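Working notes, structure below.
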Amino acid sequence: MVPKKRYRLWLLLLPYVGLLWVSLYNFRDPVLFGFPFFYWYQLAWVPVTALLTWIVYRTYSHED
C-alpha cells in the first residue's frame with residue numbers, strides 16, 4: 001500500500017536541484033557579511049535541507 005503523503009518525498013529533491021545546478025549560483029554578487037553569493041547560497045541550504053528532511057521524517061509513521 002502506498003502512503004497517502006508520499007508526495008512529500010519529492011521535497012528531498014529540492015536540495016539536489018538547488019545545489020547541483022552550479023550555474024544557478026556561480027556569482028560573486030550579492031555579498032552577505034563579506035561572503036560571496038557562491039558560498040552563502042550553499043551554506044543557506046544546510047538548515048533548509050535539515051528542515052525538509054525533518055518534515056519528511058515526521059510525515060511517516062514508524063511502527064515496527
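Residue numbering restarts at 1 for every chain of the C-alpha cells, chains are lettered A, B, ... in their displayed order, and ligands are numbered from 1 as they appear.
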Legend entry - Shell of 12 Å around Ile55 (chain A), only C-alpha atoms, local chain residues under 2 positions omitted, as a list in words: Lys5, Arg6, Tyr7, Arg8, Leu9, Trp10, Leu11, Leu12, Val48, Thr49, Ala50, Leu51, Leu52, Thr53, Tyr57, Arg58, Thr59 and Tyr60 of chain A
If you keep C-alpha atoms, can you produce a file of those selected residues as a PDB file, in the first residue's frame?
```
ATOM      1  CA  LYS A   5       1.720  11.501   1.930  1.00  0.00           C
ATOM      2  CA  ARG A   6       4.316  10.001  -0.368  1.00  0.00           C
ATOM      3  CA  TYR A   7       4.378  13.220  -2.372  1.00  0.00           C
ATOM      4  CA  ARG A   8       6.424  14.804   0.413  1.00  0.00           C
ATOM      5  CA  LEU A   9       9.382  12.648  -0.594  1.00  0.00           C
ATOM      6  CA  TRP A  10       9.753  14.988  -3.550  1.00  0.00           C
ATOM      7  CA  LEU A  11      10.835  17.667  -1.075  1.00  0.00           C
ATOM      8  CA  LEU A  12      14.113  15.796  -0.679  1.00  0.00           C
ATOM      9  CA  VAL A  48      16.827  24.225   4.683  1.00  0.00           C
ATOM     10  CA  THR A  49      17.856  20.636   3.951  1.00  0.00           C
ATOM     11  CA  ALA A  50      17.663  19.720   7.628  1.00  0.00           C
ATOM     12  CA  LEU A  51      14.162  21.198   7.844  1.00  0.00           C
ATOM     13  CA  LEU A  52      12.985  19.364   4.724  1.00  0.00           C
ATOM     14  CA  THR A  53      14.411  16.084   5.998  1.00  0.00           C
ATOM     15  CA  TYR A  57      10.648  12.090   8.548  1.00  0.00           C
ATOM     16  CA  ARG A  58       7.700  13.303  10.624  1.00  0.00           C
ATOM     17  CA  THR A  59       5.291  12.533   7.782  1.00  0.00           C
ATOM     18  CA  TYR A  60       5.693   8.776   8.024  1.00  0.00           C
TER      19      TYR A  60
END
```
Which of chain A fall in alpha helix (DSSP H), as a compact mmCIF listing (two decimals) with C-alpha atoms, in the first residue's frame:
```txt
# COMPACT_ATOMS: atom_id res chain seq x y z
CA LEU A 13 14.99 16.55 -4.30
CA LEU A 14 14.98 20.31 -3.76
CA PRO A 15 18.50 20.46 -2.22
CA TYR A 16 19.91 18.33 -5.01
CA VAL A 17 18.44 20.50 -7.72
CA GLY A 18 19.38 23.69 -5.89
CA LEU A 19 22.99 22.67 -5.32
CA LEU A 20 23.88 20.51 -8.30
CA PHE A 37 26.91 34.64 -3.09
CA PHE A 38 28.55 31.37 -4.18
CA TYR A 39 29.40 30.48 -0.57
CA TRP A 40 26.45 31.78 1.40
CA TYR A 41 23.96 30.25 -1.04
CA GLN A 42 25.42 26.80 -0.37
CA LEU A 43 25.56 27.42 3.37
CA ALA A 44 21.92 28.54 3.39
CA TRP A 45 20.91 25.13 2.09
CA VAL A 46 22.21 23.38 5.23
CA PRO A 47 19.34 24.40 7.55
CA VAL A 48 16.83 24.22 4.68
CA THR A 49 17.86 20.64 3.95
CA ALA A 50 17.66 19.72 7.63
CA LEU A 51 14.16 21.20 7.84
CA LEU A 52 12.99 19.36 4.72
CA THR A 53 14.41 16.08 6.00
CA TRP A 54 12.65 16.59 9.34
CA ILE A 55 9.33 17.30 7.58
CA VAL A 56 9.56 14.11 5.52
CA TYR A 57 10.65 12.09 8.55
CA ARG A 58 7.70 13.30 10.62
CA THR A 59 5.29 12.53 7.78
```
